[in-house]
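Listing of data19.txt; format and content: compact mmCIF, C-alpha atoms and all ligand atoms.
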```txt
# COMPACT_ATOMS: atom_id res chain seq x y z
CA MET V 1 91.56 -57.96 13.02
CA PRO V 2 95.26 -58.26 13.88
CA SER V 3 96.04 -56.52 17.14
CA LYS V 4 98.47 -53.67 17.53
CA ASN V 5 102.00 -53.91 18.87
CA LEU V 6 101.96 -52.81 22.48
CA ILE V 7 105.63 -53.36 23.23
CA GLU V 8 108.62 -53.43 20.91
CA LEU V 9 112.08 -54.04 22.31
CA LYS V 10 115.05 -53.75 19.99
CA LYS V 11 118.51 -54.80 21.09
CA ILE V 12 117.82 -54.14 24.75
CA CYS V 13 120.83 -54.61 27.03
CA LYS V 14 121.15 -54.15 30.75
CA THR V 15 124.49 -54.10 32.49
CA TYR V 16 124.79 -53.70 36.23
CA HIS V 17 127.95 -52.20 37.68
CA THR V 18 128.80 -53.27 41.21
CA GLY V 19 132.18 -51.99 42.32
CA LYS V 20 134.65 -53.06 39.66
CA ILE V 21 132.48 -55.84 38.37
CA SER V 22 130.01 -55.35 35.54
CA LEU V 23 127.38 -57.92 34.88
CA THR V 24 125.29 -58.20 31.75
CA ALA V 25 121.80 -59.19 32.91
CA LEU V 26 120.19 -58.73 29.49
CA ASN V 27 122.08 -59.16 26.26
CA CYS V 28 120.49 -57.75 23.12
CA ILE V 29 116.85 -58.66 23.63
CA ASN V 30 114.45 -58.27 20.69
CA LEU V 31 110.82 -58.79 21.61
CA THR V 32 107.41 -57.72 20.36
CA ILE V 33 104.26 -58.13 22.43
CA LYS V 34 100.84 -57.36 20.99
CA GLU V 35 97.76 -56.07 22.74
CA GLY V 36 95.78 -58.86 24.39
CA GLU V 37 98.63 -61.35 24.65
CA PHE V 38 99.29 -63.59 27.65
CA VAL V 39 103.03 -64.19 27.81
CA ALA V 40 105.00 -66.26 30.29
CA ILE V 41 108.70 -65.55 30.77
CA MET V 42 110.67 -68.54 32.02
CA GLY V 43 114.30 -69.33 32.71
CA PRO V 44 116.69 -70.30 35.48
CA SER V 45 117.45 -68.11 38.48
CA GLY V 46 119.61 -65.16 37.43
CA SER V 47 118.70 -65.43 33.74
CA GLY V 48 117.30 -61.89 33.67
CA LYS V 49 113.55 -62.43 34.03
CA SER V 50 112.93 -59.80 36.69
CA THR V 51 115.32 -57.39 35.00
CA LEU V 52 113.31 -57.74 31.80
CA MET V 53 110.00 -57.30 33.65
CA ASN V 54 111.24 -54.20 35.42
CA ILE V 55 112.28 -52.63 32.14
CA LEU V 56 109.00 -53.60 30.47
CA GLY V 57 107.09 -52.15 33.42
CA PHE V 58 109.00 -48.82 33.42
CA LEU V 59 110.54 -49.54 36.82
CA ASP V 60 114.05 -49.64 35.39
CA VAL V 61 115.81 -48.34 32.29
CA PRO V 62 117.92 -50.33 29.83
CA SER V 63 121.62 -49.57 29.33
CA HIS V 64 121.22 -49.74 25.54
CA GLY V 65 118.56 -50.37 22.97
CA SER V 66 115.13 -49.08 22.16
CA TYR V 67 111.83 -49.62 23.93
CA VAL V 68 108.75 -48.51 22.01
CA PHE V 69 105.47 -48.56 23.95
CA GLU V 70 102.20 -47.97 22.07
CA GLY V 71 104.23 -46.64 19.18
CA LYS V 72 106.21 -44.13 21.26
CA LYS V 73 109.83 -44.21 22.35
CA VAL V 74 109.97 -44.67 26.10
CA LYS V 75 113.25 -42.75 26.18
CA SER V 76 111.36 -39.63 25.14
CA PHE V 77 108.93 -39.77 28.10
CA ASP V 78 109.61 -37.36 30.96
CA GLU V 79 109.23 -38.35 34.63
CA VAL V 80 105.67 -37.03 34.79
CA SER V 81 104.42 -39.06 31.87
CA LEU V 82 106.31 -42.13 33.10
CA ALA V 83 104.67 -41.80 36.51
CA ASP V 84 101.33 -41.44 34.76
CA ILE V 85 101.88 -44.60 32.70
CA ARG V 86 103.04 -46.57 35.75
CA ASN V 87 99.97 -45.44 37.60
CA LYS V 88 97.30 -45.83 34.92
CA LYS V 89 98.43 -48.26 32.24
CA VAL V 90 100.16 -50.99 34.20
CA GLY V 91 99.39 -53.06 37.27
CA PHE V 92 101.97 -55.11 39.17
CA VAL V 93 101.65 -58.34 41.09
CA PHE V 94 104.70 -59.74 42.89
CA GLN V 95 105.58 -62.95 44.67
CA SER V 96 105.28 -61.18 48.02
CA PHE V 97 101.94 -59.50 48.20
CA TYR V 98 103.10 -56.15 49.64
CA LEU V 99 99.82 -55.37 51.35
CA LEU V 100 99.67 -52.81 54.14
CA ALA V 101 99.00 -54.74 57.34
CA ARG V 102 96.92 -52.13 59.13
CA MET V 103 94.54 -51.58 56.27
CA THR V 104 91.55 -53.64 55.19
CA ALA V 105 91.43 -55.38 51.83
CA LEU V 106 89.24 -52.57 50.53
CA GLU V 107 91.64 -49.85 51.72
CA ASN V 108 94.62 -51.68 50.21
CA VAL V 109 92.90 -51.94 46.84
CA ARG V 110 91.79 -48.33 46.98
CA LEU V 111 95.36 -47.05 47.55
CA PRO V 112 96.36 -46.50 43.89
CA LEU V 113 93.30 -44.28 43.44
CA ILE V 114 93.78 -41.85 46.29
CA TYR V 115 96.08 -39.51 44.39
CA GLY V 116 93.82 -39.47 41.37
CA ASP V 117 90.97 -37.08 40.69
CA ILE V 118 87.95 -39.27 41.32
CA SER V 119 85.56 -38.85 44.24
CA ASP V 120 85.78 -40.92 47.45
CA LYS V 121 82.56 -42.67 46.56
CA GLU V 122 83.84 -43.65 43.14
CA GLN V 123 87.14 -44.85 44.64
CA VAL V 124 85.28 -47.19 46.98
CA GLN V 125 83.06 -48.43 44.14
CA LYS V 126 86.06 -49.20 41.95
CA ALA V 127 87.89 -50.94 44.79
CA GLU V 128 84.80 -53.02 45.61
CA ASN V 129 84.43 -53.95 41.98
CA ALA V 130 88.08 -55.02 41.70
CA LEU V 131 87.69 -57.20 44.78
CA LYS V 132 84.56 -58.79 43.33
CA ILE V 133 86.45 -59.65 40.14
CA THR V 134 88.91 -61.76 42.14
CA GLY V 135 86.14 -63.33 44.20
CA LEU V 136 86.77 -61.42 47.42
CA GLY V 137 83.47 -59.56 47.64
CA ASP V 138 82.88 -61.09 51.06
CA ARG V 139 86.30 -60.26 52.54
CA MET V 140 86.55 -56.53 51.94
CA GLU V 141 86.76 -55.52 55.60
CA HIS V 142 89.38 -58.13 56.51
CA ASN V 143 92.96 -57.12 57.26
CA PRO V 144 95.70 -59.08 55.44
CA ASN V 145 96.48 -61.19 58.55
CA GLU V 146 92.85 -62.35 58.52
CA LEU V 147 93.21 -63.71 54.98
CA SER V 148 94.86 -66.82 53.52
CA GLY V 149 97.90 -66.50 51.25
CA GLY V 150 95.78 -67.06 48.16
CA GLN V 151 93.28 -64.46 49.33
CA GLN V 152 96.08 -61.95 50.03
CA GLN V 153 97.38 -62.47 46.50
CA ARG V 154 93.85 -61.88 45.21
CA VAL V 155 93.80 -58.57 47.10
CA ALA V 156 97.12 -57.70 45.42
CA ILE V 157 95.65 -58.58 42.02
CA SER V 158 92.59 -56.46 42.76
CA ARG V 159 94.90 -53.57 43.65
CA ALA V 160 96.74 -54.07 40.36
CA LEU V 161 93.40 -54.02 38.53
CA VAL V 162 91.74 -51.09 40.21
CA ASN V 163 92.94 -48.52 37.70
CA GLU V 164 91.81 -50.74 34.82
CA PRO V 165 95.34 -51.04 33.43
CA LYS V 166 96.11 -52.24 29.94
CA ILE V 167 98.88 -54.55 31.09
CA ILE V 168 99.31 -56.66 34.16
CA PHE V 169 102.88 -57.61 35.07
CA ALA V 170 103.22 -60.52 37.43
CA ASP V 171 106.59 -61.71 38.78
CA GLU V 172 106.20 -65.23 40.25
CA PRO V 173 102.60 -64.49 41.31
CA THR V 174 102.09 -68.03 42.59
CA GLY V 175 105.58 -68.45 44.08
CA ASN V 176 104.39 -68.20 47.69
CA LEU V 177 101.19 -70.18 47.25
CA ASP V 178 100.17 -73.81 47.57
CA SER V 179 99.19 -75.47 44.31
CA LYS V 180 95.43 -75.10 44.80
CA SER V 181 95.63 -71.34 45.50
CA GLY V 182 98.12 -71.01 42.65
CA LYS V 183 95.62 -72.60 40.31
CA GLU V 184 92.90 -70.22 41.46
CA ILE V 185 95.18 -67.25 40.81
CA MET V 186 95.96 -68.55 37.32
CA GLU V 187 92.25 -68.95 36.57
CA ILE V 188 91.82 -65.27 37.48
CA PHE V 189 94.63 -64.26 35.10
CA LYS V 190 93.12 -66.43 32.39
CA LYS V 191 89.78 -64.71 32.76
CA LEU V 192 91.36 -61.25 32.83
CA ASN V 193 93.16 -62.10 29.60
CA ARG V 194 89.95 -63.37 28.02
CA ASP V 195 88.39 -60.01 28.96
CA GLY V 196 91.10 -58.18 27.03
CA ASN V 197 93.94 -57.52 29.48
CA THR V 198 97.49 -58.08 28.31
CA ILE V 199 99.34 -60.24 30.82
CA ILE V 200 103.08 -60.65 31.14
CA MET V 201 104.11 -63.09 33.81
CA VAL V 202 107.39 -64.49 35.11
CA THR V 203 107.37 -68.03 36.43
CA HIS V 204 109.69 -70.99 36.69
CA ASP V 205 106.79 -73.41 37.06
CA SER V 206 105.84 -74.97 33.73
CA LYS V 207 102.32 -75.76 34.98
CA VAL V 208 101.81 -72.08 35.71
CA ALA V 209 103.34 -71.12 32.36
CA SER V 210 100.95 -73.46 30.55
CA TYR V 211 98.15 -70.92 31.17
CA ALA V 212 99.94 -68.43 28.91
CA LYS V 213 99.46 -68.27 25.15
CA ARG V 214 103.15 -67.69 24.51
CA ILE V 215 106.20 -68.85 26.40
CA ILE V 216 109.51 -67.03 26.23
CA LYS V 217 112.59 -68.68 27.67
CA LEU V 218 115.61 -66.72 28.85
CA LYS V 219 119.08 -68.01 29.53
CA ASP V 220 122.07 -65.88 30.52
CA GLY V 221 120.21 -62.73 29.53
CA GLU V 222 119.22 -63.95 26.08
CA ILE V 223 115.97 -65.23 24.60
CA ILE V 224 116.61 -68.85 23.69
CA SER V 225 113.03 -69.75 22.80
CA ASN V 226 109.86 -67.84 21.94
CA LYS V 227 106.91 -70.06 21.05
CA LEU V 228 103.15 -70.08 20.98
CA ASN V 229 101.75 -72.42 23.60
CA LYS V 230 99.44 -75.17 22.25
N1 LIG K 1 120.45 -54.25 41.09
C1 LIG K 1 121.34 -55.14 40.67
N2 LIG K 1 122.65 -54.90 40.75
C2 LIG K 1 123.56 -55.80 40.30
N3 LIG K 1 123.26 -56.97 39.74
C3 LIG K 1 121.95 -57.27 39.61
C4 LIG K 1 120.92 -56.38 40.07
N4 LIG K 1 119.71 -56.95 39.83
C5 LIG K 1 119.99 -58.13 39.22
N5 LIG K 1 121.31 -58.33 39.11
C6 LIG K 1 121.97 -59.50 38.48
O1 LIG K 1 121.43 -59.64 37.17
C7 LIG K 1 121.18 -61.01 36.87
C8 LIG K 1 119.73 -61.19 36.49
O2 LIG K 1 118.94 -60.97 37.63
P1 LIG K 1 117.35 -61.12 37.65
O3 LIG K 1 116.86 -60.65 38.97
O4 LIG K 1 116.78 -60.47 36.44
O5 LIG K 1 117.18 -62.72 37.52
P2 LIG K 1 115.88 -63.61 37.53
O6 LIG K 1 115.86 -64.38 36.25
O7 LIG K 1 114.70 -62.80 37.85
O8 LIG K 1 116.19 -64.64 38.71
P3 LIG K 1 115.22 -65.29 39.84
O9 LIG K 1 114.53 -66.45 39.16
O10 LIG K 1 116.20 -65.79 40.88
O11 LIG K 1 114.29 -64.25 40.34
C9 LIG K 1 121.61 -61.80 38.09
O12 LIG K 1 122.86 -62.35 37.85
C10 LIG K 1 121.65 -60.78 39.21
O13 LIG K 1 122.63 -61.10 40.15
MG MG K 2 113.40 -62.70 39.53
```

So, in terms of structure tokens, how does the structure I just supplied come out?
Ligand SMILES: Nc1ncnc2c1ncn2[C@@H]1O[C@H](COP(=O)(O)OP(=O)(O)OP(=O)(O)O)[C@@H](O)[C@H]1O
Ligand SMILES: [Mg+2]
Amino acid sequence: MPSKNLIELKKICKTYHTGKISLTALNCINLTIKEGEFVAIMGPSGSGKSTLMNILGFLDVPSHGSYVFEGKKVKSFDEVSLADIRNKKVGFVFQSFYLLARMTALENVRLPLIYGDISDKEQVQKAENALKITGLGDRMEHNPNELSGGQQQRVAISRALVNEPKIIFADEPTGNLDSKSGKEIMEIFKKLNRDGNTIIMVTHDSKVASYAKRIIKLKDGEIISNKLNK
């Protein structure tokens, strides 16, 4: 059965204005991503990768163009529904792990759930489960400074997963890791994708990108290549 379009971008542009200078970070991007895809976005520094991710992940708005998510125009969403989507449908993983230092792994992972309407017990269960998925079942009570870089990134992935999001956005998720930990992180993403999660990842490392099923290359804010991998 062909899967549904999750994301449709038509002629998306993003221009930043800084003082008198305007800079076009994205220039007329057309892109469709289906449910269950694993996409890597590549390109040189400044080519617009993070800008594109932030728009895709509802963290920023385009200057022009149309973004249709699950068949609905994102422009028509109000702040409340946008906050709801950010909270429930997408999970983010960044190059820096952004964990809270004074909290345990379990507490960090539980954070996205505390404003929801599920019981404390259920919150802990979900957080424990998310940590088990990334192989950290035996490190739940550790604080970030008691974990290796790879383990901290696994906590961040668990936190991104805890709400069972449809899409995981990852911007250079292995950028701060040694190659062995990076490989472990990519194996986790691969498994998550096999289990049905859509993954959209920015990387400039072609080894990391090779885990994706499709590789999109950006240059100067334009898509210069969009190919299935293997
Ligand atoms: N908030 C901003 N205000 C002004 N210009 C910006 C802003 N954010 C990004 N830019 C500019 O937009 C362009 C694209 O930036 P972006 O962060 O998307 O690049 P990138 O491909 O993610 O690069 P990197 O690989 O270095 O992370 C760059 O030229 C950058 O200087
Ligand atoms: Mg970037």

The residue from V:Asp220, V:Thr134, V:Lys230, V:Ile215 with the smallest atom-to-atom distance to V:Val39, counting all atoms listed in the file, is V:Ile215

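Of the listed residues V:Val124, V:Ser50, V:Ile7, V:Gly36, the one whose atoms come nearest to V:Lys72 is V:Ile7, with distances taken using only C-alpha atoms.
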
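A distance search around ligand MG 2 (chain K) (8 Å at most, only C-alpha atoms and all ligand atoms) returns the following protein and nucleic acid residues: Ser45, Gly46, Gly48, Lys49, Ser50, Thr51, Asp171, Glu172 and Val202 of chain V.
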
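When all atoms listed in the file are used to measure the gap to V:Ser210, the shortest distance among V:Thr32, V:Ser63, V:Ser3, V:Asn229 belongs to V:Asn229.
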
Dump the neighbourhood of ligand LIG 1 (chain K) as a VMD selection string: all residues within 12 Å, distances computed on only C-alpha atoms and all ligand atoms.
chain V and resid 13 to 27 41 to 56 59 to 61 94 to 95 170 to 173 175 201 to 205 217 to 223

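Taking all atoms listed in the file into account, V:Phe38 lies nearest to V:Lys191 out of the set V:Gly149, V:Lys191, V:Ser225, V:Arg154.
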
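Our summary of the geometry notes that atom CA of V:Asn87 is positioned 18.1 Å from atom CA of V:Leu100.
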